[in-house]
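Visitor: The structure file run20.txt (compact mmCIF, C-alpha atoms) is provided below.
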# COMPACT_ATOMS: atom_id res chain seq x y z
CA MET A 1 116.64 66.78 113.58
CA LEU A 2 114.38 65.28 110.93
CA ARG A 3 115.46 61.91 109.57
CA LEU A 4 113.85 60.81 106.31
CA GLY A 5 114.31 57.73 104.21
CA GLU A 6 115.25 58.47 100.61
CA SER A 7 111.88 57.06 99.48
CA HIS A 8 110.02 59.47 101.79
CA TYR A 9 112.07 62.35 100.50
CA LEU A 10 111.30 61.44 96.89
CA GLN A 11 107.64 60.87 97.66
CA MET A 12 107.36 64.27 99.33
CA VAL A 13 109.20 66.23 96.65
CA GLY A 14 107.40 64.32 93.86
CA HIS A 15 104.03 65.15 95.39
CA CYS A 16 105.01 68.83 95.50
CA TYR A 17 105.94 68.80 91.79
CA ASP A 18 102.71 66.95 90.98
CA GLY A 19 100.77 69.72 92.69
CA LEU A 20 102.15 72.53 90.53
CA PRO A 21 101.08 75.23 89.83
CA LEU A 22 99.39 74.97 93.26
CA GLU A 23 100.95 74.37 96.64
CA ALA A 24 100.97 70.74 97.73
CA CYS A 25 101.03 69.30 101.24
CA GLY A 26 101.11 66.15 103.30
CA LEU A 27 101.83 64.66 106.69
CA LEU A 28 104.80 62.81 108.11
CA ALA A 29 104.51 60.03 110.65
CA GLY A 30 107.25 58.53 112.74
CA ASP A 31 108.94 58.58 116.10
CA PRO A 32 108.40 61.85 117.98
CA VAL A 33 111.51 61.31 120.09
CA THR A 34 114.09 60.62 117.37
CA GLY A 35 112.40 62.57 114.55
CA LYS A 36 112.70 59.50 112.33
CA VAL A 37 110.03 59.49 109.61
CA GLU A 38 108.45 56.11 108.97
CA ARG A 39 105.70 57.10 106.56
CA CYS A 40 104.82 60.01 104.30
CA TYR A 41 101.15 60.72 103.62
CA PRO A 42 100.71 63.04 100.63
CA THR A 43 97.31 64.71 100.91
CA ALA A 44 95.12 66.93 98.78
CA ASN A 45 95.41 70.68 99.24
CA GLU A 46 91.90 71.68 100.21
CA ALA A 47 92.77 75.36 99.72
CA ALA A 48 93.58 74.59 96.04
CA SER A 49 95.81 77.66 95.97
CA ALA A 50 99.28 78.63 94.83
CA LYS A 51 99.74 80.57 98.07
CA LEU A 52 97.87 78.62 100.75
CA TYR A 53 97.45 75.04 101.81
CA THR A 54 95.02 73.15 104.00
CA VAL A 55 95.36 69.47 104.82
CA PRO A 56 91.82 68.03 104.54
CA GLY A 57 90.69 67.16 108.05
CA ARG A 58 89.51 63.69 107.15
CA GLU A 59 92.81 62.85 105.50
CA PHE A 60 94.55 63.97 108.68
CA LEU A 61 92.20 61.77 110.70
CA ARG A 62 92.92 58.75 108.48
CA ALA A 63 96.66 59.35 108.57
CA ASP A 64 96.56 59.82 112.35
CA ARG A 65 94.76 56.49 112.80
CA ASP A 66 97.05 54.68 110.41
CA ALA A 67 100.12 56.09 112.15
CA GLU A 68 98.87 55.13 115.58
CA GLY A 69 97.98 51.63 114.34
CA ASN A 70 101.62 51.22 113.36
CA GLY A 71 102.94 52.57 116.64
CA TRP A 72 103.92 55.97 115.19
CA GLN A 73 102.62 59.49 115.55
CA ILE A 74 102.06 62.31 113.11
CA ILE A 75 105.24 64.29 113.74
CA GLY A 76 105.10 66.89 111.03
CA VAL A 77 103.64 68.43 107.95
CA PHE A 78 105.25 69.37 104.65
CA HIS A 79 104.13 71.82 102.01
CA SER A 80 105.57 73.47 98.96
CA HIS A 81 106.40 77.06 98.25
CA THR A 82 106.12 77.35 94.50
CA HIS A 83 107.86 80.71 94.05
CA THR A 84 109.46 81.55 97.37
CA GLU A 85 112.21 80.27 99.64
CA ALA A 86 111.88 77.18 101.85
CA TYR A 87 111.19 79.33 104.90
CA PRO A 88 107.94 79.54 106.92
CA SER A 89 105.66 82.38 105.86
CA PRO A 90 103.91 84.54 108.48
CA THR A 91 100.76 82.48 107.78
CA ASP A 92 102.71 79.27 108.43
CA VAL A 93 103.89 80.61 111.77
CA ALA A 94 100.50 81.97 112.81
CA GLN A 95 98.78 78.68 112.04
CA ALA A 96 101.41 76.19 113.22
CA PRO A 97 99.29 73.94 115.41
CA ASP A 98 101.79 71.86 117.29
CA PRO A 99 105.10 72.97 118.86
CA SER A 100 106.39 69.40 118.80
CA TRP A 101 105.97 69.07 115.03
CA HIS A 102 108.50 69.33 112.25
CA TYR A 103 107.45 71.91 109.65
CA VAL A 104 108.98 70.93 106.35
CA LEU A 105 109.14 73.38 103.46
CA VAL A 106 109.82 72.29 99.91
CA SER A 107 110.78 75.21 97.68
CA LEU A 108 110.29 74.69 93.96
CA LYS A 109 111.42 78.18 93.11
CA ASP A 110 114.69 77.09 91.51
CA GLU A 111 115.58 74.29 89.16
CA ALA A 112 116.44 71.92 92.01
CA PRO A 113 114.05 71.51 94.95
CA VAL A 114 115.17 72.81 98.35
CA VAL A 115 113.93 70.98 101.45
CA ARG A 116 114.28 72.51 104.90
CA SER A 117 112.71 71.72 108.24
CA TYR A 118 111.79 73.97 111.14
CA ARG A 119 110.37 73.90 114.63
CA ILE A 120 107.86 76.65 115.37
CA VAL A 121 107.34 77.29 119.07
CA ASP A 122 105.39 80.30 120.33
CA GLY A 123 105.88 82.03 116.99
CA LYS A 124 109.66 81.48 117.04
CA ILE A 125 111.17 79.71 114.06
CA SER A 126 114.27 77.55 114.38
CA GLU A 127 115.73 75.53 111.56
CA GLU A 128 116.81 71.96 112.18
CA PRO A 129 118.98 69.57 110.16
CA VAL A 130 117.30 67.27 107.63
CA VAL A 131 119.05 63.95 107.14
CA VAL A 132 118.09 61.82 104.17
CA GLU A 133 119.04 58.21 104.80
CA ARG A 134 119.39 55.33 102.37
CA ARG A 135 117.48 52.63 104.20
CA MET B 1 76.09 58.73 126.94
CA THR B 2 79.71 57.73 127.25
CA VAL B 3 81.94 58.28 124.28
CA GLU B 4 85.62 57.93 123.53
CA VAL B 5 87.42 61.14 122.67
CA ARG B 6 90.66 61.15 120.75
CA ILE B 7 92.92 63.92 121.97
CA PRO B 8 95.46 65.50 119.60
CA THR B 9 99.14 65.28 120.55
CA MET B 10 99.41 69.03 121.17
CA MET B 11 96.68 68.84 123.85
CA ARG B 12 97.85 65.64 125.54
CA PRO B 13 100.15 67.40 128.02
CA ASP B 14 96.99 69.15 129.28
CA ALA B 15 95.04 65.90 129.40
CA GLY B 16 97.24 63.79 131.63
CA GLY B 17 99.29 62.60 128.66
CA GLN B 18 96.41 60.47 127.42
CA ALA B 19 95.70 59.83 123.74
CA THR B 20 92.04 59.08 124.43
CA ALA B 21 89.60 59.80 127.23
CA GLN B 22 86.10 58.72 128.11
CA ALA B 23 83.62 61.55 128.43
CA ASN B 24 79.90 61.93 128.99
CA GLY B 25 77.29 64.05 127.27
CA SER B 26 74.44 63.93 124.80
CA THR B 27 75.92 66.54 122.45
CA VAL B 28 79.43 67.39 121.31
CA ALA B 29 79.29 70.57 123.44
CA GLU B 30 78.47 68.53 126.56
CA VAL B 31 81.21 66.02 125.81
CA LEU B 32 83.77 68.83 125.46
CA GLU B 33 82.53 70.42 128.69
CA ASP B 34 82.91 67.10 130.48
CA LEU B 35 86.43 66.79 129.12
CA VAL B 36 87.29 70.23 130.54
CA LEU B 37 85.86 69.17 133.92
CA GLN B 38 88.21 66.19 133.88
CA PHE B 39 91.15 68.17 132.56
CA PRO B 40 90.74 71.84 133.53
CA ARG B 41 93.85 72.84 131.57
CA LEU B 42 91.89 72.15 128.38
CA GLN B 43 89.67 75.13 129.18
CA GLY B 44 89.54 77.45 126.19
CA LYS B 45 91.36 75.05 123.85
CA PHE B 46 88.29 74.04 121.84
CA THR B 47 85.89 76.93 121.93
CA ASN B 48 85.81 80.71 121.74
CA GLU B 49 84.40 82.90 124.47
CA ASP B 50 81.03 82.90 122.71
CA GLY B 51 81.00 79.11 122.93
CA SER B 52 81.58 78.48 119.21
CA LEU B 53 84.21 76.06 117.98
CA HIS B 54 87.70 77.52 117.40
CA LYS B 55 88.47 78.07 113.75
CA PHE B 56 91.64 75.98 114.02
CA VAL B 57 90.06 73.01 115.77
CA ASN B 58 88.17 70.28 113.93
CA VAL B 59 85.89 67.86 115.74
CA TYR B 60 84.67 64.62 114.20
CA VAL B 61 81.88 62.31 115.31
CA ASN B 62 82.45 58.89 113.78
CA ASP B 63 84.65 60.56 111.13
CA GLU B 64 82.05 63.19 110.20
CA ASP B 65 83.15 66.81 110.65
CA VAL B 66 80.68 68.43 113.06
CA ARG B 67 80.80 71.61 110.97
CA TYR B 68 78.82 69.65 108.36
CA LEU B 69 76.51 68.20 111.01
CA GLU B 70 75.03 70.38 113.72
CA ARG B 71 78.29 71.80 114.97
CA LEU B 72 78.55 71.64 118.75
CA ASP B 73 74.86 70.69 118.98
CA THR B 74 75.57 67.45 117.13
CA LYS B 75 74.05 64.57 119.10
CA VAL B 76 76.24 61.74 120.28
CA ALA B 77 75.27 58.19 121.21
CA ASP B 78 76.87 55.61 123.46
CA GLY B 79 80.01 54.22 121.88
CA ASP B 80 80.46 57.05 119.36
CA GLU B 81 84.01 58.07 118.63
CA ILE B 82 84.84 61.73 118.87
CA ALA B 83 88.12 62.94 117.42
CA ILE B 84 89.61 66.36 117.99
CA LEU B 85 92.31 67.46 115.57
CA PRO B 86 94.00 70.77 114.87
CA ALA B 87 93.42 72.32 111.46
CA VAL B 88 96.66 71.99 109.49
CA ALA B 89 97.04 74.92 107.16
CA GLY B 90 99.40 77.68 106.17
CA GLY B 91 100.70 79.64 103.27
Taking this structure as input, can you express it in the form of structure tokens?
Guide:
Amino acid sequence: MLRLGESHYLQMVGHCYDGLPLEACGLLAGDPVTGKVERCYPTANEAASAKLYTVPGREFLRADRDAEGNGWQIIGVFHSHTHTEAYPSPTDVAQAPDPSWHYVLVSLKDEAPVVRSYRIVDGKISEEPVVVERR
Amino acid sequence: MTVEVRIPTMMRPDAGGQATAQANGSTVAEVLEDLVLQFPRLQGKFTNEDGSLHKFVNVYVNDEDVRYLERLDTKVADGDEIAILPAVAGG
């Protein structure tokens, strides 16, 4: 389960809209055991593409340090799909680096954004609940 | 030279659960080799069979990406900080 504060949810979805017409991405830090997000780090999309995303390595490094300094870990990554469903693409699955991460997809295909989260382990995709909490 | 290496979460189970490790070497390649000697399960996690860095692994020396330095031949000095991070990308 992925647990997000409402502010994180809005930050994430807002960043995805800001990135249009390109895909947007960012990292999520929090507690790896409970899946509770404590901070959202919107990043640039180094791929600058409507179909691909790359989190710039140095932004990942900075986020990783900041998270650790606060006693958290990077526990996931989010990115937008501008014209397709909120489901991992074959590229997402092939390049998923960490089986313990939450892979969050934000689809902007329809009028309202759709946010879904997945675990990707050995190429197998399983959806998990996303809980948005008013904190 | 002894340097501190930051190990990404996905590789920690293969590195005794540690977030950082001390390793020796005068280049990034030597440091990574020393790390594999300490933690044999890390064998093959950083480099390809031809010894080049995996496409999906980024290595930083004091926050500089070694791909923009001298790759695995990048020199390291005592007290440098090496960070290994997976590339985060998709479609």
Visitor: Near Pro90 in chain A, counting all atoms listed in the file, which residues have an atom at most 10 Å away, once you skip same-chain residues fewer than 3 positions from it, shown as a list in words?
Guide: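 My list of contacting residues is Tyr87, Val93, Ala94, Gln95, Ala96 and Gly123 of chain A; Gly90 and Gly91 of chain B.
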Visitor: Pull the closest atom pair for each residue of chain B that gets at most 10 Å from chain A, along with the distance in Å to one decimal, counting only C-alpha atoms, ordering rows by chain and then ascending residue number, as JSON lines.
Guide:
{"residue": "B:Pro8", "atom": "CA", "partner": "A:Asp98", "partner_atom": "CA", "distance": 9.3}
{"residue": "B:Thr9", "atom": "CA", "partner": "A:Asp98", "partner_atom": "CA", "distance": 7.8}
{"residue": "B:Met10", "atom": "CA", "partner": "A:Asp98", "partner_atom": "CA", "distance": 5.4}
{"residue": "B:Met11", "atom": "CA", "partner": "A:Asp98", "partner_atom": "CA", "distance": 8.8}
{"residue": "B:Ala19", "atom": "CA", "partner": "A:Glu68", "partner_atom": "CA", "distance": 9.9}
{"residue": "B:Phe56", "atom": "CA", "partner": "A:Gln95", "partner_atom": "CA", "distance": 7.9}
{"residue": "B:Val57", "atom": "CA", "partner": "A:Pro97", "partner_atom": "CA", "distance": 9.3}
{"residue": "B:Asn58", "atom": "CA", "partner": "A:Gly57", "partner_atom": "CA", "distance": 7.1}
{"residue": "B:Val59", "atom": "CA", "partner": "A:Gly57", "partner_atom": "CA", "distance": 9.1}
{"residue": "B:Tyr60", "atom": "CA", "partner": "A:Arg58", "partner_atom": "CA", "distance": 8.6}
{"residue": "B:Asp63", "atom": "CA", "partner": "A:Arg58", "partner_atom": "CA", "distance": 7.0}
{"residue": "B:Glu64", "atom": "CA", "partner": "A:Arg58", "partner_atom": "CA", "distance": 8.1}
{"residue": "B:Asp65", "atom": "CA", "partner": "A:Arg58", "partner_atom": "CA", "distance": 7.9}
{"residue": "B:Ala83", "atom": "CA", "partner": "A:Leu61", "partner_atom": "CA", "distance": 7.9}
{"residue": "B:Ile84", "atom": "CA", "partner": "A:Leu61", "partner_atom": "CA", "distance": 9.0}
{"residue": "B:Leu85", "atom": "CA", "partner": "A:Leu61", "partner_atom": "CA", "distance": 7.5}
{"residue": "B:Pro86", "atom": "CA", "partner": "A:Pro97", "partner_atom": "CA", "distance": 6.2}
{"residue": "B:Ala87", "atom": "CA", "partner": "A:Gly57", "partner_atom": "CA", "distance": 6.8}
{"residue": "B:Val88", "atom": "CA", "partner": "A:Val55", "partner_atom": "CA", "distance": 5.5}
{"residue": "B:Ala89", "atom": "CA", "partner": "A:Thr54", "partner_atom": "CA", "distance": 4.1}
{"residue": "B:Gly90", "atom": "CA", "partner": "A:Asp92", "partner_atom": "CA", "distance": 4.3}
{"residue": "B:Gly91", "atom": "CA", "partner": "A:Leu52", "partner_atom": "CA", "distance": 3.9}
Visitor: Just the number, please: distance in Å from CA of Leu72 in chain B to CA of Glu30 in chain B, one decimal.
Guide: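 Distance between the two atoms: 8.4 Å.
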Visitor: Find the residues around Pro129 in chain A up to 7 Å (all atoms listed in the file counted), leave out those fewer than 4 positions away in its own chain, and share them as a list in words.
Guide: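 Skipping anything fewer than 4 positions along the chain leaves Met1, Leu2 and Ser117 of chain A.
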Visitor: Quick one: pull the distance between CA of Tyr103 in chain A and CA of Val37 in chain A, Å, one decimal.
Guide: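 Interatomic distance, CA of Tyr103 in chain A to CA of Val37 in chain A: 12.7 Å.
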Visitor: If I wrap all listed atoms of range 47-52 of chain A in a box with edges along x, y and z and add 5 Å on each side, what are its centre and edge lengths in Å to one decimal, as JSON?
Guide:
{"center_x": 96.3, "center_y": 77.6, "center_z": 97.8, "size_x": 17.0, "size_y": 16.0, "size_z": 15.9}
Visitor: Mind giving me the straight-line distance from CA of Ala29 in chain A to CA of Asp66 in chain A in Å, one decimal?
Guide: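 Distance reported for this atom pair: 9.2 Å.
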Visitor: Please check which residues have atoms at most 7 Å from (109.1, 69.3, 101.5) in the file's coordinates, counting only C-alpha atoms, and write them as a list in words.
Guide: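 Nearby residues: Met12, Val13, Phe78, His79, Ser80, Val104, Leu105, Val106, Val115 and Arg116 of chain A.
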Visitor: Which residue, B:Arg6, B:Glu33, B:Ser52, B:Tyr68, has the smallest gap to Thr20 in chain B when you use only C-alpha atoms?
Guide: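 Closest to Thr20 in chain B of all the choices is B:Arg6.
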Visitor: Contacts of Glu133 in chain A at 12 Å or less, counting only C-alpha atoms, minus same-chain residues fewer than 5 places along, as a VMD selection string?
Guide: chain A and resid 2 to 10 36 to 38
Visitor: Let me make sure I understand: among B:Thr2, B:Ile7, B:Val76, B:Asp14, which one has the smallest atom-to-atom distance to Leu42 in chain B if we use all atoms listed in the file?
Guide: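 Checking each of B:Thr2, B:Ile7, B:Val76, B:Asp14 against Leu42 in chain B, counting all atoms listed in the file, the winner is B:Asp14.
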